[in-house]
$ cat start24.cif   # mmCIF, C-alpha atoms and all ligand atoms
data_model
#
loop_
_atom_site.label_atom_id
_atom_site.label_comp_id
_atom_site.auth_asym_id
_atom_site.auth_seq_id
_atom_site.Cartn_x
_atom_site.Cartn_y
_atom_site.Cartn_z
CA MET A 1 0.00 0.00 0.00
CA LYS A 2 1.33 3.46 -0.90
CA PRO A 3 1.93 5.78 2.12
CA ALA A 4 -0.54 8.65 2.54
CA LEU A 5 0.61 12.23 1.87
CA CYS A 6 0.89 15.11 4.33
CA ARG A 7 -2.22 17.27 4.09
CA PHE A 8 -0.08 20.42 4.15
CA CYS A 9 3.15 19.80 2.21
CA ARG A 10 2.26 16.54 0.38
CA SER A 11 5.34 14.63 1.61
CA GLU A 12 4.93 10.91 2.16
CA LEU A 13 3.88 9.91 5.68
CA THR A 14 6.09 7.07 6.80
CA ASP A 15 6.56 7.61 10.56
CA SER A 16 3.94 6.44 13.04
CA VAL A 17 3.48 8.42 16.26
CA ALA A 18 0.61 6.46 17.82
CA ASP A 19 -1.26 3.42 16.60
CA LEU A 20 -4.51 3.17 18.56
CA GLY A 21 -5.94 0.25 16.61
CA MET A 22 -9.53 0.35 15.39
CA SER A 23 -11.88 2.94 16.90
CA PRO A 24 -15.35 4.30 16.16
CA LEU A 25 -15.85 8.05 15.58
CA ALA A 26 -15.35 9.59 19.02
CA ASN A 27 -18.52 11.69 18.99
CA ALA A 28 -20.79 9.06 17.42
CA PHE A 29 -22.82 8.38 20.57
CA ILE A 30 -25.30 5.53 20.13
CA PRO A 31 -28.96 6.33 20.85
CA ALA A 32 -30.45 3.70 23.22
CA GLU A 33 -32.85 2.47 20.52
CA HIS A 34 -29.84 1.49 18.36
CA SER A 35 -28.18 -0.53 21.11
CA GLN A 36 -28.56 -3.71 19.05
CA SER A 37 -27.13 -2.22 15.82
CA SER A 38 -23.55 -2.61 14.63
CA GLU A 39 -21.25 0.39 14.27
CA ARG A 40 -18.28 1.28 12.09
CA PHE A 41 -14.71 1.15 13.34
CA TYR A 42 -11.83 2.83 11.50
CA PRO A 43 -8.05 2.56 11.84
CA LEU A 44 -6.84 5.26 14.24
CA GLN A 45 -3.16 5.99 13.74
CA ALA A 46 -1.27 9.28 13.89
CA PHE A 47 1.75 9.95 11.67
CA VAL A 48 4.31 12.74 11.67
CA CYS A 49 5.47 14.40 8.46
CA ARG A 50 9.30 14.35 8.15
CA GLU A 51 9.23 17.62 6.22
CA CYS A 52 6.88 19.95 8.18
CA PHE A 53 6.30 17.96 11.43
CA LEU A 54 2.54 18.12 11.09
CA VAL A 55 1.09 15.21 13.07
CA GLN A 56 -2.04 13.87 11.43
CA VAL A 57 -4.46 10.98 11.04
CA LYS A 58 -5.81 9.82 7.70
CA ASP A 59 -9.36 10.88 6.89
CA PHE A 60 -11.85 8.04 6.59
CA GLU A 61 -15.09 9.96 6.91
CA SER A 62 -16.21 13.26 5.42
CA PRO A 63 -16.60 16.32 7.66
CA ASP A 64 -20.33 16.16 6.83
CA GLN A 65 -20.55 12.73 8.40
CA ILE A 66 -18.62 13.84 11.50
CA PHE A 67 -19.98 17.34 12.12
CA GLY A 68 -23.38 17.40 10.37
CA GLU A 69 -25.17 16.63 13.64
CA TYR A 70 -22.73 17.33 16.47
CA SER A 71 -22.99 16.34 20.11
CA TYR A 72 -20.42 18.79 21.52
CA PHE A 73 -21.83 21.99 22.99
CA SER A 74 -19.15 24.38 24.26
CA SER A 75 -21.38 25.96 26.91
CA TYR A 76 -21.55 22.91 29.20
CA SER A 77 -18.41 23.86 31.10
CA GLN A 78 -18.26 26.90 33.36
CA THR A 79 -14.45 26.86 33.12
CA TRP A 80 -14.67 27.22 29.34
CA LEU A 81 -17.31 29.97 29.55
CA ASP A 82 -15.11 31.92 31.99
CA HIS A 83 -12.18 31.49 29.60
CA ALA A 84 -14.30 32.82 26.70
CA LYS A 85 -15.47 35.84 28.69
CA CYS A 86 -11.93 36.70 29.71
CA TYR A 87 -10.75 36.50 26.09
CA ALA A 88 -13.61 38.79 24.92
CA GLU A 89 -12.69 41.41 27.52
CA MET A 90 -9.02 41.27 26.53
CA ALA A 91 -9.78 41.46 22.78
CA VAL A 92 -12.17 44.45 23.06
CA GLU A 93 -9.52 46.31 25.01
CA ARG A 94 -6.39 45.31 23.03
CA PHE A 95 -7.88 45.68 19.53
CA LYS A 96 -10.17 48.63 20.38
CA LEU A 97 -13.30 46.90 19.14
CA GLY A 98 -16.42 49.05 18.91
CA PRO A 99 -19.76 48.97 17.04
CA SER A 100 -18.08 49.75 13.69
CA LYS A 101 -15.95 46.59 13.85
CA LEU A 102 -16.90 43.11 12.68
CA ILE A 103 -15.91 39.90 14.47
CA ILE A 104 -16.21 36.62 12.60
CA GLU A 105 -15.83 33.38 14.51
CA ILE A 106 -15.26 30.11 12.65
CA ALA A 107 -16.77 27.12 14.48
CA SER A 108 -18.83 29.39 16.69
CA ASN A 109 -20.63 26.36 18.17
CA ASP A 110 -23.55 27.36 20.45
CA GLY A 111 -22.47 31.00 20.71
CA TYR A 112 -20.41 30.40 23.89
CA LEU A 113 -17.96 33.17 22.87
CA LEU A 114 -19.76 35.58 20.54
CA GLN A 115 -22.42 36.19 23.23
CA PHE A 116 -19.81 38.17 25.20
CA PHE A 117 -19.00 40.41 22.20
CA LYS A 118 -22.72 40.89 21.53
CA GLU A 119 -23.13 42.20 25.10
CA ARG A 120 -20.48 44.80 24.28
CA GLY A 121 -22.22 45.99 21.12
CA VAL A 122 -19.63 44.77 18.59
CA ARG A 123 -20.96 43.35 15.28
CA ILE A 124 -20.69 39.56 15.18
CA GLN A 125 -20.99 36.77 12.63
CA GLY A 126 -20.74 33.08 13.50
CA VAL A 127 -19.89 30.27 11.08
CA GLU A 128 -20.84 26.79 12.29
CA PRO A 129 -21.49 23.69 10.15
CA ALA A 130 -23.49 21.72 12.74
CA ALA A 131 -27.11 22.84 12.27
CA ASN A 132 -28.29 21.45 15.64
CA VAL A 133 -25.60 23.42 17.49
CA ALA A 134 -25.99 26.60 15.39
CA LYS A 135 -29.71 26.63 16.27
CA ILE A 136 -28.83 27.27 19.93
CA ALA A 137 -26.60 30.21 18.92
CA GLU A 138 -29.35 31.67 16.71
CA ALA A 139 -31.76 31.45 19.66
CA LYS A 140 -29.30 33.65 21.62
CA GLY A 141 -29.46 36.23 18.80
CA ILE A 142 -26.10 35.30 17.27
CA PRO A 143 -26.26 35.38 13.46
CA THR A 144 -24.77 32.09 12.25
CA LEU A 145 -23.95 30.79 8.77
CA VAL A 146 -24.51 27.03 8.81
CA LYS A 147 -21.68 25.89 6.54
CA PHE A 148 -18.10 24.64 6.52
CA PHE A 149 -15.50 27.37 6.23
CA GLY A 150 -13.00 27.49 3.37
CA THR A 151 -12.13 29.68 0.38
CA ALA A 152 -15.66 29.37 -1.09
CA MET A 153 -17.28 30.72 2.10
CA ALA A 154 -14.55 33.40 2.45
CA HIS A 155 -15.24 34.74 -1.07
CA ARG A 156 -18.96 34.77 -0.31
CA LEU A 157 -18.41 36.81 2.86
CA VAL A 158 -16.11 39.28 1.08
CA LYS A 159 -18.66 39.70 -1.73
CA GLN A 160 -21.32 40.71 0.80
CA GLY A 161 -18.89 43.21 2.36
CA SER A 162 -18.12 41.15 5.48
CA MET A 163 -14.38 41.24 6.16
CA ALA A 164 -13.21 40.46 9.68
CA ASP A 165 -11.56 43.07 11.88
CA LEU A 166 -11.12 40.24 14.36
CA LEU A 167 -11.24 36.69 13.00
CA ILE A 168 -11.45 33.92 15.62
CA GLY A 169 -11.10 30.16 15.40
CA ASN A 170 -10.90 28.20 18.64
CA ASN A 171 -10.37 24.44 18.57
CA VAL A 172 -11.19 24.28 14.88
CA LEU A 173 -7.83 23.99 13.10
CA ALA A 174 -7.47 20.33 14.11
CA HIS A 175 -10.88 19.55 12.62
CA VAL A 176 -10.07 20.62 9.07
CA PRO A 177 -9.22 17.98 6.46
CA ASP A 178 -8.34 20.50 3.71
CA LEU A 179 -5.94 22.63 5.73
CA ASN A 180 -4.63 24.71 2.82
CA ASP A 181 -8.11 25.68 1.64
CA PHE A 182 -9.09 26.60 5.21
CA VAL A 183 -6.05 28.79 5.95
CA GLU A 184 -6.28 30.44 2.53
CA GLY A 185 -9.91 31.22 3.40
CA LEU A 186 -8.74 32.91 6.61
CA ARG A 187 -6.39 35.15 4.60
CA ILE A 188 -9.18 36.09 2.16
CA VAL A 189 -11.74 37.09 4.79
CA LEU A 190 -9.33 38.95 7.11
CA ALA A 191 -9.55 42.75 6.67
CA ASN A 192 -6.31 44.43 5.52
CA ASP A 193 -5.56 45.62 9.06
CA GLY A 194 -7.49 42.82 10.78
CA VAL A 195 -6.22 40.44 13.47
CA LEU A 196 -6.70 36.69 13.53
CA THR A 197 -6.55 34.70 16.77
CA MET A 198 -6.73 30.93 17.04
CA GLU A 199 -6.52 28.50 19.93
CA PHE A 200 -5.55 24.86 19.58
CA PRO A 201 -4.06 22.15 21.79
CA HIS A 202 -0.26 22.48 21.74
CA LEU A 203 1.40 19.35 20.37
CA LEU A 204 4.37 19.88 22.65
CA GLN A 205 2.02 19.39 25.64
CA THR A 206 0.14 16.53 23.95
CA LEU A 207 3.42 14.64 23.71
CA ALA A 208 4.95 15.75 27.01
CA CYS A 209 1.78 15.05 29.01
CA ASN A 210 0.94 11.76 27.30
CA GLN A 211 -2.45 12.97 26.06
CA PHE A 212 -2.92 10.14 23.58
CA ASP A 213 -6.67 10.19 24.23
CA THR A 214 -6.96 13.51 22.36
CA ILE A 215 -6.17 11.60 19.15
CA TYR A 216 -9.39 10.77 17.32
CA HIS A 217 -10.63 10.89 13.73
CA GLU A 218 -12.34 14.24 14.22
CA HIS A 219 -8.92 15.73 14.97
CA PHE A 220 -7.31 15.40 11.57
CA SER A 221 -4.14 17.33 12.59
CA TYR A 222 -2.04 18.17 15.72
CA PHE A 223 0.09 21.30 15.76
CA SER A 224 3.33 22.63 17.13
CA PHE A 225 3.88 26.37 16.95
CA GLY A 226 6.60 25.92 14.34
CA THR A 227 4.33 23.98 12.01
CA VAL A 228 1.43 26.43 12.31
CA GLU A 229 3.77 29.33 11.63
CA ARG A 230 5.01 27.59 8.50
CA ILE A 231 1.48 26.89 7.25
CA PHE A 232 0.39 30.47 7.91
CA GLN A 233 3.49 31.91 6.23
CA HIS A 234 2.75 29.82 3.17
CA HIS A 235 -0.64 31.56 2.98
CA GLY A 236 0.62 35.12 3.52
CA LEU A 237 -0.18 35.35 7.24
CA ALA A 238 2.36 36.23 9.94
CA ILE A 239 2.08 35.32 13.62
CA PHE A 240 3.11 38.29 15.77
CA ASP A 241 2.22 37.04 19.26
CA VAL A 242 1.47 33.82 21.10
CA GLU A 243 0.24 32.83 24.54
CA GLU A 244 0.51 29.47 26.28
CA LEU A 245 -2.79 28.58 27.93
CA PRO A 246 -3.71 25.85 30.44
CA THR A 247 -6.95 24.95 28.58
CA HIS A 248 -7.53 21.44 27.18
CA GLY A 249 -4.31 20.18 28.76
CA GLY A 250 -2.15 22.99 27.34
CA SER A 251 -3.09 25.11 24.32
CA LEU A 252 -1.64 27.95 22.28
CA ARG A 253 -3.40 31.17 21.37
CA ILE A 254 -1.78 32.70 18.32
CA PHE A 255 -2.22 36.25 17.04
CA ALA A 256 -1.68 36.78 13.30
CA HIS A 257 -2.15 39.43 10.62
CA HIS A 258 -1.43 39.83 6.91
CA ALA A 259 2.30 39.34 6.26
CA ASP A 260 2.58 42.91 4.87
CA ASP A 261 0.68 44.55 7.76
CA ARG A 262 3.08 46.50 9.99
CA THR A 263 0.55 47.46 12.72
CA TYR A 264 1.91 44.99 15.28
CA SER A 265 5.50 43.94 15.66
CA SER A 266 6.51 40.47 16.74
CA THR A 267 6.65 40.03 20.53
CA PRO A 268 9.55 38.28 22.33
CA ARG A 269 7.12 35.44 23.17
CA VAL A 270 7.26 34.24 19.56
CA ARG A 271 11.04 33.73 19.66
CA GLN A 272 10.87 32.24 23.17
CA LEU A 273 8.32 29.63 22.15
CA LYS A 274 10.32 28.69 19.06
CA ASP A 275 13.35 28.16 21.30
CA LYS A 276 11.27 26.11 23.72
CA GLU A 277 10.04 23.85 20.90
CA LYS A 278 13.56 23.42 19.58
CA GLY A 279 14.74 22.52 23.08
CA ALA A 280 11.97 19.91 23.29
CA GLY A 281 13.10 18.34 20.00
CA MET A 282 10.00 19.27 18.01
CA ASP A 283 12.19 19.42 14.88
CA GLN A 284 13.26 15.77 15.19
CA VAL A 285 11.19 12.80 14.10
CA ALA A 286 12.55 10.71 17.01
CA THR A 287 10.73 12.96 19.54
CA TYR A 288 7.39 12.03 17.98
CA VAL A 289 8.05 8.36 17.39
CA ARG A 290 9.02 7.85 21.07
CA PHE A 291 5.46 8.73 22.11
CA GLU A 292 4.04 5.34 21.19
CA GLU A 293 5.88 3.33 23.85
CA ARG A 294 4.77 5.69 26.61
CA MET A 295 1.19 5.43 25.41
CA LYS A 296 1.32 1.62 25.49
CA GLU A 297 2.75 1.64 28.99
CA SER A 298 -0.09 3.94 30.16
CA LYS A 299 -2.62 1.47 28.83
CA ARG A 300 -0.98 -1.36 30.76
CA LYS A 301 -0.83 0.70 33.97
CA LEU A 302 -4.46 1.79 33.71
CA LEU A 303 -5.61 -1.79 33.10
CA GLU A 304 -3.46 -3.11 35.93
CA PHE A 305 -5.00 -0.56 38.28
CA LEU A 306 -8.60 -1.19 37.17
CA ILE A 307 -8.17 -4.97 37.41
CA GLY A 308 -6.90 -4.55 40.99
CA VAL A 309 -9.92 -2.44 41.91
CA LYS A 310 -12.39 -4.92 40.40
CA ARG A 311 -10.68 -7.89 42.07
CA ALA A 312 -11.19 -6.05 45.37
CA ARG A 313 -14.93 -6.01 44.46
CA LYS A 314 -15.14 -2.23 44.28
CA THR A 315 -17.39 -0.29 41.89
CA ILE A 316 -16.17 2.22 39.27
CA VAL A 317 -18.22 4.71 37.26
CA GLY A 318 -17.12 7.39 34.81
CA TYR A 319 -17.63 11.15 34.93
CA GLY A 320 -18.13 12.81 31.53
CA ALA A 321 -18.64 11.56 28.00
CA PRO A 322 -15.99 13.59 26.15
CA ALA A 323 -14.69 12.51 22.74
CA LYS A 324 -11.28 11.88 24.33
CA GLY A 325 -12.85 9.43 26.80
CA ASN A 326 -13.92 7.27 23.88
CA THR A 327 -10.37 7.03 22.55
CA LEU A 328 -9.12 6.14 26.02
CA LEU A 329 -11.73 3.46 26.71
CA ASN A 330 -11.60 1.89 23.24
CA TYR A 331 -7.81 1.85 23.08
CA CYS A 332 -7.50 0.37 26.57
CA GLY A 333 -10.41 -2.05 26.07
CA VAL A 334 -12.23 -0.74 29.14
CA ARG A 335 -15.88 -1.74 28.91
CA LYS A 336 -18.71 -2.63 31.25
CA GLY A 337 -16.68 -5.26 33.10
CA PHE A 338 -14.87 -2.26 34.63
CA ILE A 339 -17.15 0.78 34.37
CA ASP A 340 -20.86 0.44 35.20
CA TYR A 341 -21.90 3.74 33.57
CA THR A 342 -20.69 7.27 32.98
CA VAL A 343 -22.53 10.59 33.50
CA ASP A 344 -22.63 13.85 31.56
CA ILE A 345 -24.60 17.09 31.82
CA THR A 346 -25.11 17.40 28.04
CA PRO A 347 -28.80 16.58 27.41
CA ALA A 348 -28.00 15.25 23.90
CA LYS A 349 -25.62 12.64 25.39
CA ILE A 350 -27.72 11.46 28.36
CA GLY A 351 -29.52 8.18 27.57
CA CYS A 352 -27.05 7.28 24.79
CA LEU A 353 -24.27 4.68 24.89
CA LEU A 354 -20.57 5.44 24.40
CA PRO A 355 -19.40 4.46 20.91
CA GLY A 356 -17.50 1.20 20.85
CA THR A 357 -17.60 0.35 24.55
CA ARG A 358 -21.41 0.77 24.80
CA ILE A 359 -21.15 2.10 28.36
CA PRO A 360 -24.44 3.90 29.19
CA ILE A 361 -24.46 7.67 29.78
CA GLU A 362 -26.59 8.72 32.74
CA HIS A 363 -27.53 11.98 34.43
CA PRO A 364 -24.96 13.00 37.12
CA ASP A 365 -27.60 12.43 39.88
CA LYS A 366 -27.05 8.70 39.40
CA ILE A 367 -23.73 8.99 41.28
CA ARG A 368 -25.54 9.98 44.52
CA GLU A 369 -27.97 7.07 44.07
CA THR A 370 -25.39 4.32 43.44
CA LYS A 371 -22.51 5.57 45.66
CA PRO A 372 -19.61 4.12 43.63
CA ASP A 373 -16.20 3.49 45.22
CA TYR A 374 -14.34 5.20 42.34
CA VAL A 375 -15.20 7.89 39.78
CA LEU A 376 -12.96 7.93 36.68
CA ILE A 377 -12.78 11.51 35.37
CA LEU A 378 -12.67 11.26 31.57
CA PRO A 379 -12.51 15.04 30.82
CA TRP A 380 -9.37 15.42 32.98
CA ASN A 381 -8.96 18.87 31.41
CA PHE A 382 -11.94 20.01 33.56
CA GLN A 383 -10.90 18.08 36.66
CA ASP A 384 -10.99 21.08 39.02
CA GLU A 385 -14.55 21.96 38.04
CA ILE A 386 -15.68 18.32 38.24
CA LEU A 387 -13.88 17.59 41.54
CA GLY A 388 -15.65 20.63 43.00
CA LYS A 389 -19.07 19.46 41.84
CA THR A 390 -18.70 15.85 42.93
CA ALA A 391 -16.78 16.26 46.20
CA PHE A 392 -19.83 14.65 47.88
CA ILE A 393 -18.49 11.18 46.96
CA ARG A 394 -16.03 11.59 49.87
CA GLN A 395 -19.02 11.20 52.26
CA TRP A 396 -19.09 7.45 51.55
CA GLY A 397 -15.31 7.15 51.08
CA GLY A 398 -15.41 7.47 47.27
CA LYS A 399 -12.22 8.35 45.38
CA PHE A 400 -11.41 9.88 42.01
CA ILE A 401 -9.25 8.35 39.29
CA ILE A 402 -7.45 10.70 36.89
CA PRO A 403 -6.23 8.69 33.87
CA ILE A 404 -3.86 11.17 32.12
CA PRO A 405 -0.86 11.70 32.05
CA GLU A 406 -0.65 8.50 34.16
CA VAL A 407 -3.32 6.83 36.26
CA ARG A 408 -3.59 8.58 39.63
CA VAL A 409 -6.05 8.31 42.56
CA ILE A 410 -7.10 11.35 44.59
P1 LIG A 501 -14.29 18.14 26.66
C1 LIG A 501 -13.56 18.87 22.94
O1 LIG A 501 -13.19 17.52 23.08
C2 LIG A 501 -14.31 19.06 21.67
P2 LIG A 501 -13.83 16.53 24.15
C3 LIG A 501 -13.52 19.24 20.44
N1 LIG A 501 -13.37 18.03 19.68
C4 LIG A 501 -12.12 19.72 20.67
O2 LIG A 501 -11.47 20.06 19.73
C5 LIG A 501 -11.49 19.58 22.00
O3 LIG A 501 -12.44 19.71 23.04
C6 LIG A 501 -10.34 20.51 22.22
C7 LIG A 501 -19.05 17.19 30.11
N2 LIG A 501 -19.03 17.88 31.40
O4 LIG A 501 -14.49 19.56 26.41
C8 LIG A 501 -19.39 18.03 28.93
C9 LIG A 501 -19.92 17.52 32.37
O5 LIG A 501 -20.75 16.61 32.18
O6 LIG A 501 -13.28 17.75 27.64
C10 LIG A 501 -18.67 17.30 27.80
O7 LIG A 501 -19.48 16.24 27.32
N3 LIG A 501 -19.87 18.19 33.56
C11 LIG A 501 -14.28 20.27 19.64
O8 LIG A 501 -15.20 16.11 23.73
C12 LIG A 501 -17.44 16.72 28.49
O9 LIG A 501 -17.77 16.64 29.86
C13 LIG A 501 -18.96 19.16 33.81
O10 LIG A 501 -18.95 19.73 34.92
O11 LIG A 501 -12.85 15.48 24.42
C14 LIG A 501 -16.23 17.62 28.33
O12 LIG A 501 -15.71 17.45 27.08
C15 LIG A 501 -18.03 19.50 32.78
C16 LIG A 501 -17.00 20.57 33.02
C17 LIG A 501 -18.09 18.86 31.59
O13 LIG A 501 -13.91 17.45 25.40
#

$ encode --input "start24.cif" --output "structure tokens"
Amino acid sequence: MKPALCRFCRSELTDSVADLGMSPLANAFIPAEHSQSSERFYPLQAFVCRECFLVQVKDFESPDQIFGEYSYFSSYSQTWLDHAKCYAEMAVERFKLGPSKLIIEIASNDGYLLQFFKERGVRIQGVEPAANVAKIAEAKGIPTLVKFFGTAMAHRLVKQGSMADLLIGNNVLAHVPDLNDFVEGLRIVLANDGVLTMEFPHLLQTLACNQFDTIYHEHFSYFSFGTVERIFQHHGLAIFDVEELPTHGGSLRIFAHHADDRTYSSTPRVRQLKDKEKGAGMDQVATYVRFEERMKESKRKLLEFLIGVKRARKTIVGYGAPAKGNTLLNYCGVRKGFIDYTVDITPAKIGCLLPGTRIPIEHPDKIRETKPDYVLILPWNFQDEILGKTAFIRQWGGKFIIPIPEVRVI
């Protein structure tokens, strides 16, 4: 079989970073009435490109199939809403955004972010391909175009006179199969003196913190700063500032503008981060390839721990039904013999089964009813918020299990 090609630079992909075996789509929750139906599994393996160091999985399903009806609603975490509000306040201040300015957000989801700009009277436009999610944003009064973003959409926006003074894309870059068309679209729709900010999980942290569960088919690509800078440069965009954020296990927020725009000069943080990545070996294939062994060892340790708990006749339930939890459980082969059920506050997930493992998703109240000995926190990125909400399990001696970077009990 011929090797696949890098979706950015078209080099052959020969180096595996993580082979997670066969997995279903991580957000394809199974409605209870389909519990007896079969489901599709796809190879889940990440490769690194030797030329541009873009880490990526092959695409097996179209974005339509993955995002057409989406079960992820950004507003179901207070931590994330607080983060969004904080960003909006910073952006209004730093980029002097008033009623004459237009903000376009790509992948605006349920309006979790644009609502804070709306409150401040700035003009807003959301772009969100999942109709069921966009409907919630529309109900909040956030105008939303229900379509995938790319050069076609960018030309359409420009034609109607909508060029972005601030263009935002949070946790969307990983979800784009045609990366070049997407980034070219960003360049087209960005006003001449506009600013683009994007947030995405930082590959350096993904590798360093063993976050193999964040690899799933919906995340087509995984980015270091160096690789994003290269992709942006190729499309006439220059990154002038960057922030390291604690969100989603360690993310970057980049600030970019047109390569010929001199409004902002590059901050020292750009050089510092490049040095940090070089120091971490992000320009060497060996750094990426090493990841696989650590991932395998994590699987063994988690299983060893869970087997010990079950042999001691203790009960374990999950907290959360995040996409990453489905990679973790499917890769480690953790099914109902270990976990009785998981809980989630997202109404669209409650009553469904997890893809692959078929673990039922219940309302969080079920934890108080069944008093489990252990609660496995699947969205470990929100562990502080979840630990706060479920501290009551201590009343009956319950404990929490955090699976990433290595299994840990608290
Ligand atoms: P969460 C998401 O991945 C989605 P996921 C997406 N694929 C992406 O790119 C990455 O983030 C970066 C629930 N919950 O965000 C809500 C509670 O029930 O970690 C969610 O179902 N109670 C676009 O899906 C899940 O947990 C709570 O108190 O891996 C969290 O999912 C909280 C805080 C959350 O990610």

$ closest_atom_pairs --input "start24.cif" --of "chain A" --to "ligand LIG 501 (chain A)" --cutoff "6 Å" --atoms "all atoms listed in the file" --output "tab-separated table"
residue	atom	partner	partner_atom	distance
A:Tyr76	CA	A:LIG501	C8	5.3
A:Ser77	CA	A:LIG501	C16	4.1
A:Asn171	CA	A:LIG501	O2	4.7
A:His248	CA	A:LIG501	C6	5.8
A:Gly320	CA	A:LIG501	O9	4.2
A:Ala321	CA	A:LIG501	O7	4.8
A:Pro322	CA	A:LIG501	O8	3.6
A:Ala323	CA	A:LIG501	O8	3.8
A:Lys324	CA	A:LIG501	O11	3.9
A:Asp344	CA	A:LIG501	O5	3.4
A:Ile345	CA	A:LIG501	O5	3.9
A:Thr346	CA	A:LIG501	O7	5.8
A:Pro379	CA	A:LIG501	O6	4.2
A:Asn381	CA	A:LIG501	O6	5.8
A:Phe382	CA	A:LIG501	C16	5.1
A:Glu385	CA	A:LIG501	C16	5.8
A:Ile386	CA	A:LIG501	O10	4.9

$ atom_distance --input "start24.cif" --atom1 "atom CA of A:Asn330" --atom2 "atom CA of A:Met22"
8.3 Å

$ closest_residue --input "start24.cif" --among "A:Cys86, A:Ala107, A:Ala46, A:Ile377" --to "A:Tyr70" --atoms "all atoms listed in the file"
A:Ala107

$ residues_near_point --input "start24.cif" --point "(1.7, 47.9, 14.6)" --cutoff "12 Å" --atoms "all atoms listed in the file" --output "list in words"
Arg94, Phe95, Asp193, Gly194, Val195, Phe240, Asp241, Ala256, His257, His258, Ala259, Asp260, Asp261, Arg262, Thr263, Tyr264, Ser265, Ser266 and Thr267 of chain A

$ residues_around --input "start24.cif" --residues "A:Asp275" --least-positions-apart "6" --cutoff "10 Å" --atoms "only C-alpha atoms" --output "number ranges by chain"
A: 226, 269, 281

$ closest_residue --input "start24.cif" --among "A:Asn180, A:Ser16, A:Gln383, A:Asn170" --to "A:Ser251" --atoms "all atoms listed in the file"
A:Asn170

$ atom_distance --input "start24.cif" --atom1 "atom CA of A:His34" --atom2 "atom CA of A:Thr342"
18.2 Å

$ closest_residue --input "start24.cif" --among "A:Gln284, A:Ser23, A:Ser11, A:Ser74" --to "A:Cys332" --atoms "all atoms listed in the file"
A:Ser23

$ residues_around --input "start24.cif" --residues "A:Ile393" --least-positions-apart "5" --cutoff "12 Å" --atoms "only C-alpha atoms" --output "ChimeraX atom specification"
/A:317,364-375,386-388,398-400,410

$ write_last_selection --input "start24.cif" --atoms "C-alpha atoms" --output "PDB file, in the coordinates of the input"
ATOM      1  CA  VAL A 317     -18.220   4.710  37.260  1.00  0.00           C
ATOM      2  CA  PRO A 364     -24.960  13.000  37.120  1.00  0.00           C
ATOM      3  CA  ASP A 365     -27.600  12.430  39.880  1.00  0.00           C
ATOM      4  CA  LYS A 366     -27.050   8.700  39.400  1.00  0.00           C
ATOM      5  CA  ILE A 367     -23.730   8.990  41.280  1.00  0.00           C
ATOM      6  CA  ARG A 368     -25.540   9.980  44.520  1.00  0.00           C
ATOM      7  CA  GLU A 369     -27.970   7.070  44.070  1.00  0.00           C
ATOM      8  CA  THR A 370     -25.390   4.320  43.440  1.00  0.00           C
ATOM      9  CA  LYS A 371     -22.510   5.570  45.660  1.00  0.00           C
ATOM     10  CA  PRO A 372     -19.610   4.120  43.630  1.00  0.00           C
ATOM     11  CA  ASP A 373     -16.200   3.490  45.220  1.00  0.00           C
ATOM     12  CA  TYR A 374     -14.340   5.200  42.340  1.00  0.00           C
ATOM     13  CA  VAL A 375     -15.200   7.890  39.780  1.00  0.00           C
ATOM     14  CA  ILE A 386     -15.680  18.320  38.240  1.00  0.00           C
ATOM     15  CA  LEU A 387     -13.880  17.590  41.540  1.00  0.00           C
ATOM     16  CA  GLY A 388     -15.650  20.630  43.000  1.00  0.00           C
ATOM     17  CA  GLY A 398     -15.410   7.470  47.270  1.00  0.00           C
ATOM     18  CA  LYS A 399     -12.220   8.350  45.380  1.00  0.00           C
ATOM     19  CA  PHE A 400     -11.410   9.880  42.010  1.00  0.00           C
ATOM     20  CA  ILE A 410      -7.100  11.350  44.590  1.00  0.00           C
TER      21      ILE A 410
END

$ residues_near_point --input "start24.cif" --point "(-6.2, 16.9, 11.9)" --cutoff "7 Å" --atoms "only C-alpha atoms" --output "MDAnalysis selection string"
chainID A and resid 56:57 174:177 219:222

$ residues_around --input "start24.cif" --residues "A:Asp181" --least-positions-apart "2" --cutoff "6 Å" --atoms "only C-alpha atoms" --output "list in words"
Gly150, Thr151, Asp178, Leu179, Val183 and Glu184 of chain A

$ atom_distance --input "start24.cif" --atom1 "atom CA of A:Phe338" --atom2 "atom CA of A:Lys299"
14.1 Å

$ closest_residue --input "start24.cif" --among "A:Glu128, A:Glu119, A:Asp110, A:Asp82" --to "A:Asp64" --atoms "all atoms listed in the file"
A:Glu128

$ closest_residue --input "start24.cif" --among "A:Ile66, A:Ile307, A:Val285, A:Ala348" --to "A:Ala32" --atoms "only C-alpha atoms"
A:Ala348

$ closest_residue --input "start24.cif" --among "A:Ala154, A:Cys9, A:Ile103, A:Ala18" --to "A:Lys296" --atoms "only C-alpha atoms"
A:Ala18

$ residues_around --input "start24.cif" --residues "A:Leu13" --least-positions-apart "3" --cutoff "9 Å" --atoms "only C-alpha atoms" --output "number ranges by chain"
A: 3-6, 10, 16, 47-50

$ residues_around --input "start24.cif" --residues "A:Ile30" --least-positions-apart "5" --cutoff "10 Å" --atoms "all atoms listed in the file" --output "VMD selection string"
chain A and resid 35 to 39 349 351 to 356 358 to 361
